[in-house]
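J.: Provided herewith: target-v7.cif, mmCIF, C-alpha atoms and all ligand atoms.
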```
data_start
loop_
_atom_site.label_atom_id
_atom_site.label_comp_id
_atom_site.auth_asym_id
_atom_site.auth_seq_id
_atom_site.Cartn_x
_atom_site.Cartn_y
_atom_site.Cartn_z
CA MET S 1326 114.41 124.20 138.31
CA SER S 1327 111.15 124.59 136.37
CA PRO S 1328 108.39 122.00 137.00
CA HIS S 1329 108.76 120.99 133.36
CA ARG S 1330 112.50 120.23 133.73
CA LEU S 1331 111.87 118.46 137.00
CA LEU S 1332 109.34 116.24 135.30
CA MET S 1333 111.80 115.44 132.52
CA LEU S 1334 114.55 114.59 135.00
CA PHE S 1335 112.12 112.39 136.89
CA GLY S 1336 111.20 110.64 133.63
CA VAL S 1337 114.84 109.98 132.72
CA LEU S 1338 115.61 108.66 136.21
CA CYS S 1339 112.64 106.30 136.00
CA LEU S 1340 113.76 105.03 132.61
CA LEU S 1341 117.38 104.45 133.65
CA PRO S 1342 116.88 101.09 135.37
CA LEU S 1343 114.87 99.89 132.35
CA LEU S 1344 117.54 101.01 129.90
CA SER S 1345 120.34 99.42 131.90
CA HIS S 1346 118.46 96.12 131.80
CA ALA S 1347 117.73 96.24 128.06
CA GLY S 1348 119.30 93.18 126.46
CA ASP S 1349 119.86 91.49 129.84
CA GLN S 1350 118.60 87.97 130.33
CA LEU S 1351 114.99 87.41 131.25
CA PRO S 1352 114.52 86.98 135.04
CA SER S 1353 114.71 83.26 135.82
CA GLY S 1354 111.16 83.21 137.25
CA ALA S 1355 109.68 84.57 134.01
CA ALA S 1356 111.83 82.27 131.86
CA ARG S 1357 110.70 79.27 133.93
CA ARG S 1358 107.01 80.19 133.55
CA ILE S 1359 107.39 80.60 129.78
CA LYS S 1360 109.14 77.23 129.57
CA GLU S 1361 106.32 75.63 131.60
CA PHE S 1362 103.77 77.13 129.25
CA GLU S 1363 105.66 75.87 126.18
CA ASN S 1364 105.89 72.36 127.64
CA ASP S 1365 102.17 72.35 128.51
CA ALA S 1366 101.22 73.63 125.05
CA GLU S 1367 103.37 70.97 123.40
CA ALA S 1368 101.78 68.21 125.49
CA ILE S 1369 98.25 69.43 124.63
CA GLN S 1370 99.17 69.69 120.95
CA LYS S 1371 100.56 66.12 120.97
CA LYS S 1372 97.42 64.79 122.64
CA ALA S 1373 95.16 66.62 120.15
CA ASP S 1374 97.24 65.39 117.18
CA ALA S 1375 96.99 61.82 118.45
CA GLU S 1376 93.18 62.09 118.85
CA ILE S 1377 92.80 63.59 115.38
CA ASN S 1378 94.93 60.78 113.94
CA VAL S 1379 92.64 58.19 115.51
CA LEU S 1380 89.57 59.92 114.02
CA ARG S 1381 91.26 60.22 110.63
CA LYS S 1382 92.21 56.54 110.62
CA LYS S 1383 88.61 55.58 111.41
CA LEU S 1384 87.31 57.81 108.61
CA ILE S 1385 89.80 56.35 106.12
CA GLU S 1386 88.66 52.81 107.01
CA GLU S 1387 85.02 53.80 106.48
CA LEU S 1388 85.82 55.44 103.15
CA GLN S 1389 87.81 52.39 102.03
CA ALA S 1390 84.78 50.16 102.72
CA LEU S 1391 82.56 52.62 100.84
CA GLU S 1392 85.00 52.67 97.92
CA LYS S 1393 84.76 48.86 97.70
CA ASP S 1394 80.96 49.03 97.65
CA TYR S 1395 80.95 51.58 94.81
CA THR S 1396 83.54 49.57 92.86
CA LYS S 1397 81.41 46.41 93.24
CA SER S 1398 78.26 48.18 92.10
CA GLY S 1399 80.09 49.48 89.02
CA ASN S 1400 80.04 53.19 89.97
CA LEU S 1401 83.72 53.72 89.19
CA ASP S 1402 83.61 57.55 89.10
CA ALA S 1403 82.38 57.61 92.68
CA ALA S 1404 84.97 55.00 93.68
CA ILE S 1405 87.79 57.05 92.12
CA ALA S 1406 86.56 60.26 93.80
CA ILE S 1407 86.55 58.49 97.17
CA ARG S 1408 90.03 57.07 96.54
CA ASP S 1409 91.37 60.60 95.80
CA ARG S 1410 89.95 61.83 99.10
CA ILE S 1411 91.54 58.91 100.94
CA ALA S 1412 94.93 59.81 99.44
CA GLN S 1413 94.46 63.47 100.51
CA LEU S 1414 93.49 62.43 104.04
CA LYS S 1415 96.54 60.17 104.31
CA LEU S 1416 98.85 63.02 103.22
CA ALA S 1417 97.19 65.48 105.61
CA GLY S 1418 97.93 63.11 108.48
CA LEU S 1419 101.67 63.23 107.82
CA LYS S 1420 103.94 65.73 109.54
CA ASN S 1421 105.55 68.51 107.47
CA LEU S 1422 109.31 68.06 107.95
CA ILE S 1423 109.97 71.58 106.69
CA VAL S 1424 110.09 74.46 109.17
CA ASN S 1425 108.18 77.58 108.09
CA GLY S 1426 107.27 76.03 104.72
CA SER S 1427 104.77 78.81 103.99
CA PHE S 1428 107.42 81.51 104.71
CA GLU S 1429 105.08 83.21 107.22
CA ASP S 1430 107.84 83.69 109.82
CA GLY S 1431 110.36 86.25 108.54
CA PRO S 1432 111.38 89.91 108.41
CA ASP S 1433 108.84 92.71 107.92
CA PRO S 1434 108.42 92.98 104.15
CA GLY S 1435 106.68 96.38 104.43
CA ASP S 1436 103.63 96.98 102.20
CA GLN S 1437 105.36 95.42 99.21
CA PHE S 1438 108.49 93.28 99.66
CA VAL S 1439 112.03 93.15 100.96
CA THR S 1440 114.98 91.80 98.95
CA LEU S 1441 117.20 89.25 100.70
CA ASP S 1442 120.73 88.53 99.44
CA LYS S 1443 122.73 85.30 99.33
CA GLY S 1444 123.68 84.27 102.87
CA SER S 1445 120.50 85.70 104.45
CA THR S 1446 118.82 83.52 107.10
CA ALA S 1447 116.16 86.14 107.88
CA ILE S 1448 113.31 83.82 106.86
CA LYS S 1449 113.09 81.29 109.70
CA GLY S 1450 114.44 77.86 108.70
CA TRP S 1451 115.69 78.97 105.27
CA GLU S 1452 118.92 80.30 103.79
CA VAL S 1453 119.28 82.27 100.57
CA THR S 1454 121.94 80.22 98.74
CA GLN S 1455 122.36 82.11 95.47
CA GLY S 1456 121.76 85.60 94.03
CA ASP S 1457 118.81 87.24 95.77
CA ILE S 1458 115.07 86.76 96.34
CA ASP S 1459 112.15 89.06 97.15
CA TYR S 1460 110.13 88.34 100.31
CA ILE S 1461 106.62 89.40 99.28
CA ASN S 1462 103.73 90.71 101.41
CA ALA S 1463 100.22 89.57 100.40
CA SER S 1464 99.29 93.27 100.13
CA TYR S 1465 101.60 93.31 97.08
CA TRP S 1466 100.53 90.00 95.55
CA GLN S 1467 98.20 87.21 96.58
CA ALA S 1468 100.01 84.43 98.49
CA ALA S 1469 99.13 80.77 97.92
CA GLU S 1470 98.86 80.27 101.69
CA GLY S 1471 98.94 82.82 104.51
CA ARG S 1472 100.37 86.33 104.05
CA ARG S 1473 103.88 85.80 102.63
CA SER S 1474 105.45 84.23 99.54
CA LEU S 1475 108.63 84.53 97.48
CA ASP S 1476 109.75 85.93 94.16
CA MET S 1477 112.69 83.62 93.42
CA ASN S 1478 114.37 86.46 91.53
CA GLY S 1479 115.22 89.53 93.56
CA ALA S 1480 117.09 91.54 90.95
CA GLN S 1481 118.71 88.32 89.68
CA PRO S 1482 118.04 84.55 89.89
CA GLY S 1483 118.03 83.41 93.51
CA ALA S 1484 117.88 80.15 95.44
CA ILE S 1485 116.78 79.10 98.93
CA ALA S 1486 117.50 75.94 100.88
CA GLN S 1487 116.58 74.15 104.09
CA THR S 1488 118.30 71.14 105.65
CA PHE S 1489 116.27 68.63 107.67
CA LYS S 1490 116.57 65.19 109.27
CA THR S 1491 115.96 62.22 106.96
CA LYS S 1492 116.29 58.45 106.99
CA LYS S 1493 118.62 56.92 104.42
CA GLY S 1494 116.61 54.94 101.86
CA GLN S 1495 113.27 56.54 102.88
CA LYS S 1496 111.12 58.07 100.14
CA TYR S 1497 109.88 61.65 100.63
CA ARG S 1498 107.24 63.70 98.83
CA VAL S 1499 107.79 67.43 98.21
CA THR S 1500 104.76 69.58 97.37
CA PHE S 1501 104.85 73.33 96.78
CA SER S 1502 102.79 76.14 95.29
CA LEU S 1503 104.21 77.68 92.12
CA ALA S 1504 103.28 80.87 90.25
CA GLY S 1505 105.24 83.69 88.61
CA ASN S 1506 106.04 87.35 89.22
CA PRO S 1507 103.56 89.03 86.81
CA ASP S 1508 105.49 92.35 86.77
CA GLY S 1509 107.83 91.32 83.96
CA GLY S 1510 109.09 88.67 81.55
CA PRO S 1511 109.89 86.03 80.63
CA ALA S 1512 106.37 84.55 80.62
CA GLU S 1513 107.78 81.07 81.29
CA LYS S 1514 108.93 80.97 84.91
CA LYS S 1515 111.30 78.06 85.48
CA ILE S 1516 112.33 76.68 88.85
CA GLN S 1517 114.60 73.80 89.84
CA VAL S 1518 113.98 71.62 92.88
CA SER S 1519 116.82 69.49 94.18
CA ALA S 1520 117.58 67.12 97.06
CA ALA S 1521 119.72 64.04 97.69
CA GLY S 1522 121.68 64.46 94.45
CA LYS S 1523 118.49 64.53 92.31
CA LYS S 1524 116.81 67.48 90.65
CA ALA S 1525 113.76 68.38 88.58
CA GLU S 1526 112.56 71.42 86.64
CA PHE S 1527 109.09 72.94 86.83
CA THR S 1528 107.64 75.62 84.56
CA PHE S 1529 104.81 78.06 85.25
CA ASP S 1530 103.11 79.85 82.37
CA GLY S 1531 102.62 83.45 83.58
CA THR S 1532 100.55 84.54 80.57
CA GLY S 1533 97.49 86.54 81.64
CA LYS S 1534 98.31 86.37 85.36
CA ALA S 1535 98.17 89.37 87.71
CA ARG S 1536 99.12 90.22 91.29
CA ASP S 1537 95.51 89.64 92.42
CA ALA S 1538 95.11 86.57 90.17
CA MET S 1539 98.39 84.70 90.56
CA GLY S 1540 97.02 81.35 89.39
CA TRP S 1541 99.01 79.35 91.95
CA VAL S 1542 99.36 75.64 91.10
CA THR S 1543 100.51 72.75 93.29
CA LYS S 1544 103.55 70.77 92.15
CA THR S 1545 104.78 67.43 93.47
CA TRP S 1546 108.22 65.83 93.41
CA ASP S 1547 109.51 62.68 95.14
CA PHE S 1548 113.04 61.85 96.21
CA THR S 1549 114.76 59.13 98.22
CA ALA S 1550 117.11 60.23 101.00
CA ASP S 1551 120.73 59.08 100.82
CA ALA S 1552 121.86 60.54 104.17
CA ASP S 1553 120.76 61.39 107.74
CA MET S 1554 120.36 65.04 106.74
CA THR S 1555 119.01 66.29 103.42
CA THR S 1556 119.11 69.76 101.92
CA LEU S 1557 116.11 70.74 99.82
CA GLU S 1558 116.83 73.63 97.46
CA PHE S 1559 114.68 75.72 95.13
CA ALA S 1560 116.55 77.72 92.47
CA SER S 1561 115.29 80.09 89.79
CA LEU S 1562 116.38 79.11 86.28
CA ILE S 1563 115.50 82.40 84.58
CA ASP S 1564 117.25 85.78 84.33
CA GLY S 1565 115.81 89.18 85.21
CA ASN S 1566 113.98 90.50 88.27
CA ALA S 1567 110.61 88.77 87.75
CA GLY S 1568 111.06 85.14 88.69
CA PRO S 1569 109.06 82.08 89.67
CA ALA S 1570 106.88 82.65 92.76
CA LEU S 1571 107.05 80.07 95.56
CA ASP S 1572 104.92 79.31 98.62
CA ASN S 1573 103.67 76.52 100.85
CA VAL S 1574 106.53 73.99 100.78
CA VAL S 1575 105.64 70.65 102.40
CA VAL S 1576 107.81 67.54 102.75
CA VAL S 1577 106.40 64.30 104.15
CA ALA S 1578 107.82 60.80 104.52
CA LEU S 1579 105.88 58.32 102.39
CA ASP S 1580 104.91 55.04 104.01
CA GLU S 1581 105.79 52.50 101.35
CA CA U 1601 102.83 81.74 102.63
CA CA U 1602 111.99 90.59 91.86
#
```
Re-express the file's structure as structure tokens.
T.:
Amino acid sequence: MSPHRLLMLFGVLCLLPLLSHAGDQLPSGAARRIKEFENDAEAIQKKADAEINVLRKKLIEELQALEKDYTKSGNLDAAIAIRDRIAQLKLAGLKNLIVNGSFEDGPDPGDQFVTLDKGSTAIKGWEVTQGDIDYINASYWQAAEGRRSLDMNGAQPGAIAQTFKTKKGQKYRVTFSLAGNPDGGPAEKKIQVSAAGKKAEFTFDGTGKARDAMGWVTKTWDFTADADMTTLEFASLIDGNAGPALDNVVVVALDE
């Protein structure tokens, strides 16, 4: 046997044990260590979140006192500006109930995008519930947040949904970033948001927008839960392959 063949045989023999284990369960020691790490990380995260919440609460109290001072002294513009910041801080302190709301965790879209058909659960936390959608890489068009966003029309109007835990009677606020696929018409990109038996339509004017100047805007919609689980759905309301663009979905429980 030539040295070359011998080397190849040796290589194959070395690989065999690896191949035979491919797909097997992780050794219990490794799985245990990973679990320990995850538990530790979660505990640290919880502690940090709690500390940040304390700091945020303190800041909000200070700003509220400041707002009163400015209101008293008649500087209403300053008072209103402070009040807006207080509202933002309060929202930032609430937990996003949506998993993967920015669509960052999903299949490899390549340099441009990948089309996902009805029934697809490839984007973590979400299901395509109608037609198809395009999962867009930021190298194709600017995302509102992170590296990934959606064209709600693949080749036809699509829809996506996520179901999450809710409290009956509790009010929730949905915010999301909306734009439009600038590659084609219609210029008016319409999207429907629905949850708990209620729905609303939002329109984005795509005139003059481009892939590197998407003009993302933030939209807000409130609903009241009527069950222990609620499905939030976004659906394109326009025909064609250039639909509304969606990113950065956040749902928080409002404390009222
Ligand atoms: Ca994103
Ligand atoms: Ca498309």
J.: Can you work out which one of S:Ala1538, S:Ala1468, S:Ala1560, S:Ala1567 has the shortest atom-to-atom distance to ligand CA 1602 (chain U), counting only C-alpha atoms and all ligand atoms?
T.: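 Using only C-alpha atoms and all ligand atoms, the shortest distance to ligand CA 1602 (chain U) belongs to S:Ala1567.
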J.: Hey, can you check how far atom CA of Leu1503 of chain S sits from atom CA of Ala1486 of chain S?
T.: 16.0 Å
J.: Would you mind listing, for every residue of segment 1456-1542 of chain S within 12 Å of segment 1421-1443 of chain S, the two atoms forming the shortest contact and the distance between them in Å to one decimal, using only C-alpha atoms, sorted by chain and ascending residue number, as JSON lines?
T.:
```
{"residue": "S:Gly1456", "atom": "CA", "partner": "S:Lys1443", "partner_atom": "CA", "distance": 5.4}
{"residue": "S:Asp1457", "atom": "CA", "partner": "S:Asp1442", "partner_atom": "CA", "distance": 4.3}
{"residue": "S:Ile1458", "atom": "CA", "partner": "S:Leu1441", "partner_atom": "CA", "distance": 5.5}
{"residue": "S:Asp1459", "atom": "CA", "partner": "S:Thr1440", "partner_atom": "CA", "distance": 4.3}
{"residue": "S:Tyr1460", "atom": "CA", "partner": "S:Val1439", "partner_atom": "CA", "distance": 5.2}
{"residue": "S:Ile1461", "atom": "CA", "partner": "S:Phe1438", "partner_atom": "CA", "distance": 4.3}
{"residue": "S:Asn1462", "atom": "CA", "partner": "S:Gln1437", "partner_atom": "CA", "distance": 5.4}
{"residue": "S:Ala1463", "atom": "CA", "partner": "S:Gln1437", "partner_atom": "CA", "distance": 7.9}
{"residue": "S:Ser1464", "atom": "CA", "partner": "S:Asp1436", "partner_atom": "CA", "distance": 6.1}
{"residue": "S:Tyr1465", "atom": "CA", "partner": "S:Gln1437", "partner_atom": "CA", "distance": 4.8}
{"residue": "S:Trp1466", "atom": "CA", "partner": "S:Gln1437", "partner_atom": "CA", "distance": 8.1}
{"residue": "S:Gln1467", "atom": "CA", "partner": "S:Gln1437", "partner_atom": "CA", "distance": 11.2}
{"residue": "S:Ala1468", "atom": "CA", "partner": "S:Ser1427", "partner_atom": "CA", "distance": 9.2}
{"residue": "S:Ala1469", "atom": "CA", "partner": "S:Ser1427", "partner_atom": "CA", "distance": 8.5}
{"residue": "S:Glu1470", "atom": "CA", "partner": "S:Ser1427", "partner_atom": "CA", "distance": 6.5}
{"residue": "S:Gly1471", "atom": "CA", "partner": "S:Glu1429", "partner_atom": "CA", "distance": 6.7}
{"residue": "S:Arg1472", "atom": "CA", "partner": "S:Glu1429", "partner_atom": "CA", "distance": 6.5}
{"residue": "S:Arg1473", "atom": "CA", "partner": "S:Glu1429", "partner_atom": "CA", "distance": 5.4}
{"residue": "S:Ser1474", "atom": "CA", "partner": "S:Phe1428", "partner_atom": "CA", "distance": 6.2}
{"residue": "S:Leu1475", "atom": "CA", "partner": "S:Phe1428", "partner_atom": "CA", "distance": 7.9}
{"residue": "S:Asp1476", "atom": "CA", "partner": "S:Thr1440", "partner_atom": "CA", "distance": 9.2}
{"residue": "S:Met1477", "atom": "CA", "partner": "S:Thr1440", "partner_atom": "CA", "distance": 10.1}
{"residue": "S:Asn1478", "atom": "CA", "partner": "S:Thr1440", "partner_atom": "CA", "distance": 9.2}
{"residue": "S:Gly1479", "atom": "CA", "partner": "S:Thr1440", "partner_atom": "CA", "distance": 5.9}
{"residue": "S:Ala1480", "atom": "CA", "partner": "S:Thr1440", "partner_atom": "CA", "distance": 8.3}
{"residue": "S:Gln1481", "atom": "CA", "partner": "S:Asp1442", "partner_atom": "CA", "distance": 10.0}
{"residue": "S:Pro1482", "atom": "CA", "partner": "S:Lys1443", "partner_atom": "CA", "distance": 10.6}
{"residue": "S:Gly1483", "atom": "CA", "partner": "S:Lys1443", "partner_atom": "CA", "distance": 7.7}
{"residue": "S:Ala1484", "atom": "CA", "partner": "S:Lys1443", "partner_atom": "CA", "distance": 8.1}
{"residue": "S:Ile1485", "atom": "CA", "partner": "S:Lys1443", "partner_atom": "CA", "distance": 8.6}
{"residue": "S:Ala1486", "atom": "CA", "partner": "S:Ile1423", "partner_atom": "CA", "distance": 10.5}
{"residue": "S:Gln1487", "atom": "CA", "partner": "S:Ile1423", "partner_atom": "CA", "distance": 7.6}
{"residue": "S:Thr1488", "atom": "CA", "partner": "S:Ile1423", "partner_atom": "CA", "distance": 8.4}
{"residue": "S:Phe1489", "atom": "CA", "partner": "S:Leu1422", "partner_atom": "CA", "distance": 7.0}
{"residue": "S:Lys1490", "atom": "CA", "partner": "S:Leu1422", "partner_atom": "CA", "distance": 7.9}
{"residue": "S:Thr1491", "atom": "CA", "partner": "S:Leu1422", "partner_atom": "CA", "distance": 8.9}
{"residue": "S:Lys1492", "atom": "CA", "partner": "S:Leu1422", "partner_atom": "CA", "distance": 11.9}
{"residue": "S:Tyr1497", "atom": "CA", "partner": "S:Leu1422", "partner_atom": "CA", "distance": 9.7}
{"residue": "S:Arg1498", "atom": "CA", "partner": "S:Asn1421", "partner_atom": "CA", "distance": 10.0}
{"residue": "S:Val1499", "atom": "CA", "partner": "S:Asn1421", "partner_atom": "CA", "distance": 9.6}
{"residue": "S:Thr1500", "atom": "CA", "partner": "S:Gly1426", "partner_atom": "CA", "distance": 10.1}
{"residue": "S:Phe1501", "atom": "CA", "partner": "S:Gly1426", "partner_atom": "CA", "distance": 8.7}
{"residue": "S:Ser1502", "atom": "CA", "partner": "S:Ser1427", "partner_atom": "CA", "distance": 9.3}
{"residue": "S:Leu1503", "atom": "CA", "partner": "S:Ser1427", "partner_atom": "CA", "distance": 11.9}
{"residue": "S:Arg1536", "atom": "CA", "partner": "S:Gln1437", "partner_atom": "CA", "distance": 11.3}
```
J.: Using only C-alpha atoms and all ligand atoms, which residue out of S:Met1554, S:Val1576, S:Pro1507, S:Glu1452 lies closest to ligand CA 1602 (chain U)?
T.: S:Pro1507
J.: Give me, please, the distance in Å between atom CA of Asp1402 of chain S and atom CA of Thr1545 of chain S, quoted to one decimal.
T.: 23.8 Å
J.: What is the atom CA of Trp1451 of chain S to atom CA of Glu1361 of chain S distance in Å?
T.: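 Between atom CA of Trp1451 of chain S and atom CA of Glu1361 of chain S the gap is 28.1 Å.
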